[in-house]
Amino acid sequence: MWLSRAVPVRYLGSYRRTQKPPWMRYPVVFYSDYTEKKEKVAPMQETRMRDRFTLYARGGEGGSGCSSVRRSRTDRYGKPDGGNGGRGGDVILECTHAVWDFSGLQPHVKGGKAGQGTSKNRIGNRGEDKVLQVPIGTVIHLQEGEIPSQVQVDSPKDLDPWDLPGTLVEDPASEENPDLHQEITQHSVQVEPEKESVKRHVGTPEEFDFEDDEGDIDQVKYNVAELTEQGQRLIIARGGEGGLGSVSATRYVRGTKFGKTAIRQNKLRSMEDEADDEDDDDDDNEHSSIKSGSLGSEAVLILELKSIADVGLVGMPNAGKSTLLGALSRAKPRVGHYAFTTLRPNLGNVTYDDFSMTVADIPGLIKGAHQNRGLGHNFLRHIERTKVLAYVVDLASGLDGCKGVTPWQQLRDLVMELEFHEEGLSDRSSVIVANKIDENGADERLEQLERRVKGVRIFPVCAVLEEGVAELKDGLKMLVNDDREGSERLKLENICVD
Ligand SMILES: Nc1nc2c(ncn2[C@@H]2O[C@H](COP(=O)(O)OP(=O)(O)OP(=O)(O)O)[C@@H](O)[C@H]2O)c(=O)[nH]1
């Protein structure tokens with residue numbers, strides 16, 4: 001390849017002598033016009049919902065106290081003026097609508113390290129808090145560490161500088177105000193008592209099913225807290241306390257063994273006695289230990305998501321739940337003509353002019369799911385908190401000699417599986433979505449279904465063509481807004497199978 005490059009005139013003579021121009025004496029790299037292939041965009045379903053997560057959290061280390069002495073012409077020996085170290089940052093869970101699962105979390109999280117105290121009695125910076133966003137409906141199980149406590153929302157005025165991150169301030173505990181100092185030292189050591197406002201109850205291991213954490217099941221404290229409201233915050237690991245600076249340390253040691261030793265040391269020094277015993281080493285260690293900041297607390301948590309959807313779609317595999325979710329909302333779940341296309345719950349938001357509601361598509365249930373058949377009961381926890389159940393049945397199932405069970409049998413199996421998972425789970429407002437009404441013979445099936453099932457409304461729908469979806473939306477909205485107890489429920493005794 002010919003390189004078109006201007007040759008400076010003054011070099012031409014030397015090129016003739018050396019025969020080869022400089023760009024030929026050195027290896028030349030030619031860049032091809034190869035551009036990296038664009039990676040395939042992963043379909044929605046590939047970014048699977050992460051609804052269970054193990055988190056290791058550790059509070060940030062406290063900063064070290066400063067050993068400093070201020071001397072002046074009038075004070076030859078000087079006075080201590082080293083400030084305390086700052087407090088380490090906490091690790092905090094924050095509940096927000098902005099995330100819908102745990103896929104954005106890192107498994108190991110540490111609070112920010114605090115700054116060291118400095119001379120002139122200045123406290124070190126407080127370590128930065130690590131705030132992790134979790135979805136609404138997060139349940140916390142504790143494997144190791146302290147039970148999390150809720151963050152009180154105080155106005156900035158109520159906080160003292162010790163608590164404000166990133167402030168470097170003068171220690172209010174000056175010589176003139178020793179009581180204040182004592183207060184602050186106590187404050188820094190004391191751990192805030194747990195706030196009762198966090199919902200918690202300790203469950204039994206049998207209620208849960210942690211396939212990843214089987215080894216540690218005995219140690220887990222279940223359901224220690226729940227995050228259910230936007231903006232709710234929990235401290236899961238606390239930052240370490242800052243070490244004492246020379247000002248506080250001097251006061252702290254007065255009257256203690258260390259204090260007496262320090263006085264004795266001064267005397268010894270003034271008498272220029274070189275006696276040195278083992279005790280001194282211990283005292284030095286003790287001094288350095290109060291000077292260095294403490295480590296933050298550690299916790300190992302298992303986060304579990306129980307979605308708080310308004311409507312839960314339940315149905316047998318291939319009934320058309322994902323297609324229906326796509327028709328009701330803007331969600332784009334994967335749809336396939338084979339069973340168990342949906343492997344994780346999908347969420348969609350159904351919007352009206354003045355109202356919106358969330359719909360959860362729960363992966364297909366089959367008869368015997370409670371014995372771990374199919375996908376088992378793993379995902380039923382997502383409908384524990386839904387207000388309305390929409391049973392999606394396939395009207396065409398078993399027609400024309402095809403495999404499958406009748407819609408009324410599908411309904412019976414579904415109700416039984418819900419009850420096997422948790423007694424009373426099916427006891428909530430319900431509708432039946434009779435899907436695939438466009439198929440041959442579906443109309444007669446619908447008539448039969450209406451004769452056999454009583455107590456709940458049946459909406460004939462063709463999810464693919466979005467027929468009947470508007471009526472269904474209105475029906476769901478009515479039930480979600482309806483606060484009456486005992487409104488339409490599907491009961492086993494109201495389903496006639498024979
Ligand atoms: N004829 C017809 N086919 C439909 C309709 N709705 C869905 N289907 C088809 O039924 C098949 C299954 O649909 P999905 O939406 O994946 O069913 P699902 O209930 O989510 O299935 P799982 O993911 O296995 O739980 C797909 O081939 C859809 O195209 C409908 O109204 N009419």
# chains A, B, ... in the order shown; residues from 1 in each chain; ligands from 1
>>> residues_around(residues="Glu229 (chain A)", least_positions_apart="5", cutoff="12 Å", atoms="only C-alpha atoms", output="PyMOL selection string")
chain A and resi 94-97+134-138+198-199+234+308
>>> residues_around(residues="region 291-294 of chain A", least_positions_apart="6", cutoff="9 Å", atoms="only C-alpha atoms", output="list in words")
Glu61, Gly62, Gly63, Ser64, Gly65, Cys66, Ser67, Asn84, Gly85, Gly86, Arg87, Gly88, Ala114, Gln116, Gly239, Gly240, Glu241, Gly242, Gly243, Leu244, Gly245, Ser246 and Ala249 of chain A
>>> write_last_selection(atoms="N, CA and C atoms", output="tab-separated table (two decimals), in the first residue's frame")
chain	number	residue	atom	x	y	z
A	61	GLU	N	-15.04	1.88	57.92
A	61	GLU	CA	-14.19	2.00	59.12
A	61	GLU	C	-14.22	3.41	59.67
A	62	GLY	N	-14.14	3.51	60.98
A	62	GLY	CA	-14.05	4.83	61.61
A	62	GLY	C	-12.65	5.40	61.39
A	63	GLY	N	-12.54	6.71	61.36
A	63	GLY	CA	-11.22	7.33	61.15
A	63	GLY	C	-10.41	7.33	62.44
A	64	SER	N	-9.10	7.43	62.31
A	64	SER	CA	-8.25	7.44	63.51
A	64	SER	C	-8.26	8.82	64.14
A	65	GLY	N	-8.09	8.81	65.45
A	65	GLY	CA	-7.96	10.08	66.15
A	65	GLY	C	-6.57	10.65	65.92
A	66	CYS	N	-6.41	11.94	66.13
A	66	CYS	CA	-5.12	12.58	65.85
A	66	CYS	C	-4.36	12.83	67.16
A	67	SER	N	-3.08	12.44	67.17
A	67	SER	CA	-2.26	12.76	68.35
A	67	SER	C	-1.48	14.01	68.02
A	84	ASN	N	-10.93	13.95	67.13
A	84	ASN	CA	-11.36	12.55	66.97
A	84	ASN	C	-11.51	12.18	65.49
A	85	GLY	N	-11.43	10.89	65.21
A	85	GLY	CA	-11.68	10.42	63.85
A	85	GLY	C	-13.18	10.46	63.56
A	86	GLY	N	-13.54	10.52	62.29
A	86	GLY	CA	-14.97	10.55	61.91
A	86	GLY	C	-15.59	9.17	62.01
A	87	ARG	N	-16.90	9.13	61.90
A	87	ARG	CA	-17.61	7.84	61.96
A	87	ARG	C	-17.72	7.26	60.54
A	88	GLY	N	-17.57	5.96	60.42
A	88	GLY	CA	-17.64	5.31	59.10
A	88	GLY	C	-19.04	5.39	58.52
A	114	ALA	N	-14.12	6.66	57.04
A	114	ALA	CA	-14.17	8.01	57.60
A	114	ALA	C	-12.79	8.66	57.56
A	116	GLN	N	-9.58	10.99	59.08
A	116	GLN	CA	-8.87	11.05	60.36
A	116	GLN	C	-9.09	12.40	61.02
A	239	GLY	N	-21.53	2.06	60.30
A	239	GLY	CA	-20.12	2.46	60.21
A	239	GLY	C	-19.45	2.39	61.57
A	240	GLY	N	-18.14	2.15	61.58
A	240	GLY	CA	-17.39	2.08	62.84
A	240	GLY	C	-17.23	3.46	63.46
A	241	GLU	N	-17.03	3.47	64.76
A	241	GLU	CA	-16.84	4.75	65.45
A	241	GLU	C	-15.42	5.25	65.21
A	242	GLY	N	-15.27	6.56	65.26
A	242	GLY	CA	-13.95	7.15	65.07
A	242	GLY	C	-13.09	6.96	66.32
A	243	GLY	N	-11.78	6.91	66.14
A	243	GLY	CA	-10.87	6.80	67.28
A	243	GLY	C	-10.78	8.13	68.02
A	244	LEU	N	-10.26	8.09	69.23
A	244	LEU	CA	-10.17	9.32	70.01
A	244	LEU	C	-8.90	10.09	69.67
A	245	GLY	N	-9.06	11.38	69.52
A	245	GLY	CA	-7.91	12.23	69.31
A	245	GLY	C	-7.26	12.53	70.65
A	246	SER	N	-6.13	13.23	70.64
A	246	SER	CA	-5.41	13.40	71.91
A	246	SER	C	-6.22	14.18	72.94
A	249	ALA	N	-8.75	11.65	74.25
A	249	ALA	CA	-8.05	10.52	74.85
A	249	ALA	C	-7.51	10.90	76.22
>>> closest_residue(among="A:Ile458, A:Val300, A:Leu328, A:Val480", to="Leu395 (chain A)", atoms="only C-alpha atoms")
A:Ile458
>>> atom_distance(atom1="CA of Ile383 (chain A)", atom2="CA of Glu423 (chain A)")
13.0 Å
>>> closest_residue(among="A:Val497, A:Val393, A:Leu476, A:Leu411", to="ligand 1", atoms="only C-alpha atoms and all ligand atoms")
A:Val393
>>> closest_residue(among="A:Thr228, A:Thr54, A:Ser397, A:Asn481", to="ligand 1", atoms="only C-alpha atoms and all ligand atoms")
A:Ser397
>>> atom_distance(atom1="CA of Tyr391 (chain A)", atom2="CA of Glu444 (chain A)")
19.2 Å
>>> atom_distance(atom1="atom 8 (N, counted along the ligand's line) of ligand 1", atom2="CA of Val359 (chain A)")
18.2 Å
>>> residues_around(residues="Lys454 (chain A)", least_positions_apart="5", cutoff="8 Å", atoms="only C-alpha atoms", output="list in words")
Leu490, Asn494 and Ile495 of chain A
>>> write_last_selection(atoms="C-alpha atoms", output="compact mmCIF listing (two decimals), in the first residue's frame")
# COMPACT_ATOMS: atom_id res chain seq x y z
CA LEU A 490 -63.64 -18.17 43.07
CA ASN A 494 -68.67 -23.16 42.79
CA ILE A 495 -66.79 -25.05 40.08
>>> closest_residue(among="A:Gln232, A:Ser248, A:Asn372, A:Asn435", to="Ala319 (chain A)", atoms="only C-alpha atoms")
A:Asn435
>>> residues_around(residues="region 399-403 of chain A", least_positions_apart="4", cutoff="9 Å", atoms="only C-alpha atoms", output="ChimeraX atom specification")
/A:395,440-442
>>> residues_around(residues="Met478 (chain A)", least_positions_apart="2", cutoff="12 Å", atoms="only C-alpha atoms", output="PyMOL selection string")
chain A and resi 310-311+355+357+387-388+429-431+457+471-476+480-484+487-488
>>> residues_around(residues="Leu132 (chain A)", least_positions_apart="4", cutoff="8 Å", atoms="only C-alpha atoms", output="JSON, numbers by chain")
{"A": [91, 92, 93, 94, 105]}
>>> decode(residues="region 54-100 of chain A", atoms="N, CA and C atoms", output="PDB file, in the first residue's frame")
ATOM      1  N   THR A  54     -28.392 -12.622  47.766  1.00  0.00           N
ATOM      2  CA  THR A  54     -27.628 -12.650  49.020  1.00  0.00           C
ATOM      3  C   THR A  54     -26.668 -11.474  49.028  1.00  0.00           C
ATOM      4  N   LEU A  55     -26.727 -10.709  50.093  1.00  0.00           N
ATOM      5  CA  LEU A  55     -25.959  -9.461  50.165  1.00  0.00           C
ATOM      6  C   LEU A  55     -25.037  -9.469  51.388  1.00  0.00           C
ATOM      7  N   TYR A  56     -23.765  -9.179  51.154  1.00  0.00           N
ATOM      8  CA  TYR A  56     -22.800  -9.053  52.253  1.00  0.00           C
ATOM      9  C   TYR A  56     -22.522  -7.568  52.435  1.00  0.00           C
ATOM     10  N   ALA A  57     -22.838  -7.047  53.607  1.00  0.00           N
ATOM     11  CA  ALA A  57     -22.659  -5.602  53.803  1.00  0.00           C
ATOM     12  C   ALA A  57     -21.738  -5.364  54.989  1.00  0.00           C
ATOM     13  N   ARG A  58     -20.918  -4.329  54.849  1.00  0.00           N
ATOM     14  CA  ARG A  58     -20.055  -3.970  55.979  1.00  0.00           C
ATOM     15  C   ARG A  58     -19.989  -2.443  56.096  1.00  0.00           C
ATOM     16  N   GLY A  59     -20.168  -1.950  57.309  1.00  0.00           N
ATOM     17  CA  GLY A  59     -20.091  -0.506  57.529  1.00  0.00           C
ATOM     18  C   GLY A  59     -18.654  -0.028  57.318  1.00  0.00           C
ATOM     19  N   GLY A  60     -18.491   1.237  56.984  1.00  0.00           N
ATOM     20  CA  GLY A  60     -17.142   1.786  56.749  1.00  0.00           C
ATOM     21  C   GLY A  60     -16.352   1.903  58.047  1.00  0.00           C
ATOM     22  N   GLU A  61     -15.041   1.883  57.923  1.00  0.00           N
ATOM     23  CA  GLU A  61     -14.190   1.995  59.119  1.00  0.00           C
ATOM     24  C   GLU A  61     -14.217   3.413  59.673  1.00  0.00           C
ATOM     25  N   GLY A  62     -14.142   3.512  60.979  1.00  0.00           N
ATOM     26  CA  GLY A  62     -14.048   4.827  61.609  1.00  0.00           C
ATOM     27  C   GLY A  62     -12.647   5.400  61.391  1.00  0.00           C
ATOM     28  N   GLY A  63     -12.536   6.711  61.357  1.00  0.00           N
ATOM     29  CA  GLY A  63     -11.217   7.331  61.153  1.00  0.00           C
ATOM     30  C   GLY A  63     -10.409   7.331  62.441  1.00  0.00           C
ATOM     31  N   SER A  64      -9.101   7.434  62.311  1.00  0.00           N
ATOM     32  CA  SER A  64      -8.255   7.438  63.513  1.00  0.00           C
ATOM     33  C   SER A  64      -8.259   8.824  64.143  1.00  0.00           C
ATOM     34  N   GLY A  65      -8.093   8.813  65.447  1.00  0.00           N
ATOM     35  CA  GLY A  65      -7.957  10.083  66.154  1.00  0.00           C
ATOM     36  C   GLY A  65      -6.573  10.651  65.923  1.00  0.00           C
ATOM     37  N   CYS A  66      -6.414  11.937  66.131  1.00  0.00           N
ATOM     38  CA  CYS A  66      -5.125  12.579  65.852  1.00  0.00           C
ATOM     39  C   CYS A  66      -4.363  12.829  67.158  1.00  0.00           C
ATOM     40  N   SER A  67      -3.076  12.441  67.170  1.00  0.00           N
ATOM     41  CA  SER A  67      -2.262  12.756  68.349  1.00  0.00           C
ATOM     42  C   SER A  67      -1.481  14.007  68.020  1.00  0.00           C
ATOM     43  N   SER A  68      -1.876  15.066  68.608  1.00  0.00           N
ATOM     44  CA  SER A  68      -1.166  16.307  68.314  1.00  0.00           C
ATOM     45  C   SER A  68      -1.126  17.162  69.577  1.00  0.00           C
ATOM     46  N   VAL A  69      -0.050  17.887  69.745  1.00  0.00           N
ATOM     47  CA  VAL A  69       0.112  18.749  70.931  1.00  0.00           C
ATOM     48  C   VAL A  69       0.400  20.163  70.445  1.00  0.00           C
ATOM     49  N   ARG A  70      -0.316  21.108  70.981  1.00  0.00           N
ATOM     50  CA  ARG A  70      -0.076  22.498  70.563  1.00  0.00           C
ATOM     51  C   ARG A  70       0.828  23.169  71.597  1.00  0.00           C
ATOM     52  N   ARG A  71       1.974  23.614  71.148  1.00  0.00           N
ATOM     53  CA  ARG A  71       2.910  24.278  72.057  1.00  0.00           C
ATOM     54  C   ARG A  71       2.960  25.763  71.724  1.00  0.00           C
ATOM     55  N   SER A  72       3.320  26.523  72.717  1.00  0.00           N
ATOM     56  CA  SER A  72       3.492  27.957  72.454  1.00  0.00           C
ATOM     57  C   SER A  72       4.667  28.459  73.299  1.00  0.00           C
ATOM     58  N   ARG A  73       4.959  29.731  73.144  1.00  0.00           N
ATOM     59  CA  ARG A  73       6.103  30.273  73.901  1.00  0.00           C
ATOM     60  C   ARG A  73       5.842  30.235  75.401  1.00  0.00           C
ATOM     61  N   THR A  74       4.557  30.421  75.736  1.00  0.00           N
ATOM     62  CA  THR A  74       4.217  30.447  77.158  1.00  0.00           C
ATOM     63  C   THR A  74       3.953  29.065  77.708  1.00  0.00           C
ATOM     64  N   ASP A  75       3.729  28.110  76.829  1.00  0.00           N
ATOM     65  CA  ASP A  75       3.416  26.755  77.295  1.00  0.00           C
ATOM     66  C   ASP A  75       4.400  25.786  76.643  1.00  0.00           C
ATOM     67  N   ARG A  76       5.437  25.495  77.377  1.00  0.00           N
ATOM     68  CA  ARG A  76       6.535  24.735  76.798  1.00  0.00           C
ATOM     69  C   ARG A  76       6.156  23.270  76.525  1.00  0.00           C
ATOM     70  N   TYR A  77       5.370  22.717  77.460  1.00  0.00           N
ATOM     71  CA  TYR A  77       5.000  21.300  77.301  1.00  0.00           C
ATOM     72  C   TYR A  77       3.805  21.127  76.379  1.00  0.00           C
ATOM     73  N   GLY A  78       3.044  22.154  76.231  1.00  0.00           N
ATOM     74  CA  GLY A  78       1.924  22.122  75.285  1.00  0.00           C
ATOM     75  C   GLY A  78       0.683  21.414  75.807  1.00  0.00           C
ATOM     76  N   LYS A  79      -0.404  21.564  75.041  1.00  0.00           N
ATOM     77  CA  LYS A  79      -1.673  20.911  75.402  1.00  0.00           C
ATOM     78  C   LYS A  79      -2.098  20.054  74.211  1.00  0.00           C
ATOM     79  N   PRO A  80      -2.742  18.933  74.519  1.00  0.00           N
ATOM     80  CA  PRO A  80      -3.204  18.101  73.397  1.00  0.00           C
ATOM     81  C   PRO A  80      -4.250  18.836  72.565  1.00  0.00           C
ATOM     82  N   ASP A  81      -4.153  18.750  71.257  1.00  0.00           N
ATOM     83  CA  ASP A  81      -5.194  19.386  70.424  1.00  0.00           C
ATOM     84  C   ASP A  81      -5.571  18.519  69.222  1.00  0.00           C
ATOM     85  N   GLY A  82      -5.417  17.191  69.351  1.00  0.00           N
ATOM     86  CA  GLY A  82      -5.784  16.286  68.240  1.00  0.00           C
ATOM     87  C   GLY A  82      -7.273  15.955  68.276  1.00  0.00           C
ATOM     88  N   GLY A  83      -7.938  16.063  67.135  1.00  0.00           N
ATOM     89  CA  GLY A  83      -9.386  15.793  67.060  1.00  0.00           C
ATOM     90  C   GLY A  83      -9.692  14.310  66.883  1.00  0.00           C
ATOM     91  N   ASN A  84     -10.933  13.950  67.127  1.00  0.00           N
ATOM     92  CA  ASN A  84     -11.365  12.549  66.968  1.00  0.00           C
ATOM     93  C   ASN A  84     -11.510  12.182  65.488  1.00  0.00           C
ATOM     94  N   GLY A  85     -11.427  10.893  65.215  1.00  0.00           N
ATOM     95  CA  GLY A  85     -11.681  10.422  63.848  1.00  0.00           C
ATOM     96  C   GLY A  85     -13.179  10.461  63.561  1.00  0.00           C
ATOM     97  N   GLY A  86     -13.538  10.521  62.293  1.00  0.00           N
ATOM     98  CA  GLY A  86     -14.966  10.552  61.915  1.00  0.00           C
ATOM     99  C   GLY A  86     -15.594   9.165  62.008  1.00  0.00           C
ATOM    100  N   ARG A  87     -16.902   9.131  61.901  1.00  0.00           N
ATOM    101  CA  ARG A  87     -17.605   7.844  61.964  1.00  0.00           C
ATOM    102  C   ARG A  87     -17.716   7.263  60.539  1.00  0.00           C
ATOM    103  N   GLY A  88     -17.566   5.963  60.423  1.00  0.00           N
ATOM    104  CA  GLY A  88     -17.640   5.306  59.101  1.00  0.00           C
ATOM    105  C   GLY A  88     -19.045   5.386  58.516  1.00  0.00           C
ATOM    106  N   GLY A  89     -19.143   5.246  57.213  1.00  0.00           N
ATOM    107  CA  GLY A  89     -20.449   5.320  56.535  1.00  0.00           C
ATOM    108  C   GLY A  89     -21.271   4.054  56.745  1.00  0.00           C
ATOM    109  N   ASP A  90     -22.584   4.207  56.777  1.00  0.00           N
ATOM    110  CA  ASP A  90     -23.486   3.062  56.942  1.00  0.00           C
ATOM    111  C   ASP A  90     -23.828   2.470  55.571  1.00  0.00           C
ATOM    112  N   VAL A  91     -24.311   1.240  55.584  1.00  0.00           N
ATOM    113  CA  VAL A  91     -24.894   0.670  54.360  1.00  0.00           C
ATOM    114  C   VAL A  91     -26.408   0.670  54.570  1.00  0.00           C
ATOM    115  N   ILE A  92     -27.100   1.289  53.631  1.00  0.00           N
ATOM    116  CA  ILE A  92     -28.538   1.531  53.804  1.00  0.00           C
ATOM    117  C   ILE A  92     -29.314   0.947  52.631  1.00  0.00           C
ATOM    118  N   LEU A  93     -30.429   0.320  52.919  1.00  0.00           N
ATOM    119  CA  LEU A  93     -31.334  -0.139  51.847  1.00  0.00           C
ATOM    120  C   LEU A  93     -32.445   0.892  51.717  1.00  0.00           C
ATOM    121  N   GLU A  94     -32.719   1.299  50.485  1.00  0.00           N
ATOM    122  CA  GLU A  94     -33.793   2.272  50.269  1.00  0.00           C
ATOM    123  C   GLU A  94     -34.825   1.673  49.313  1.00  0.00           C
ATOM    124  N   CYS A  95     -36.057   1.793  49.706  1.00  0.00           N
ATOM    125  CA  CYS A  95     -37.145   1.205  48.934  1.00  0.00           C
ATOM    126  C   CYS A  95     -37.627   2.218  47.888  1.00  0.00           C
ATOM    127  N   THR A  96     -37.691   1.804  46.630  1.00  0.00           N
ATOM    128  CA  THR A  96     -38.077   2.763  45.599  1.00  0.00           C
ATOM    129  C   THR A  96     -38.840   2.096  44.456  1.00  0.00           C
ATOM    130  N   HIS A  97     -39.675   2.891  43.800  1.00  0.00           N
ATOM    131  CA  HIS A  97     -40.395   2.419  42.619  1.00  0.00           C
ATOM    132  C   HIS A  97     -39.440   2.296  41.425  1.00  0.00           C
ATOM    133  N   ALA A  98     -38.285   2.946  41.517  1.00  0.00           N
ATOM    134  CA  ALA A  98     -37.397   3.053  40.363  1.00  0.00           C
ATOM    135  C   ALA A  98     -36.795   1.715  39.943  1.00  0.00           C
ATOM    136  N   VAL A  99     -36.721   0.742  40.853  1.00  0.00           N
ATOM    137  CA  VAL A  99     -36.171  -0.568  40.467  1.00  0.00           C
ATOM    138  C   VAL A  99     -37.240  -1.630  40.703  1.00  0.00           C
ATOM    139  N   TRP A 100     -37.162  -2.697  39.941  1.00  0.00           N
ATOM    140  CA  TRP A 100     -38.201  -3.724  40.074  1.00  0.00           C
ATOM    141  C   TRP A 100     -37.649  -5.077  40.476  1.00  0.00           C
TER     142      TRP A 100
END
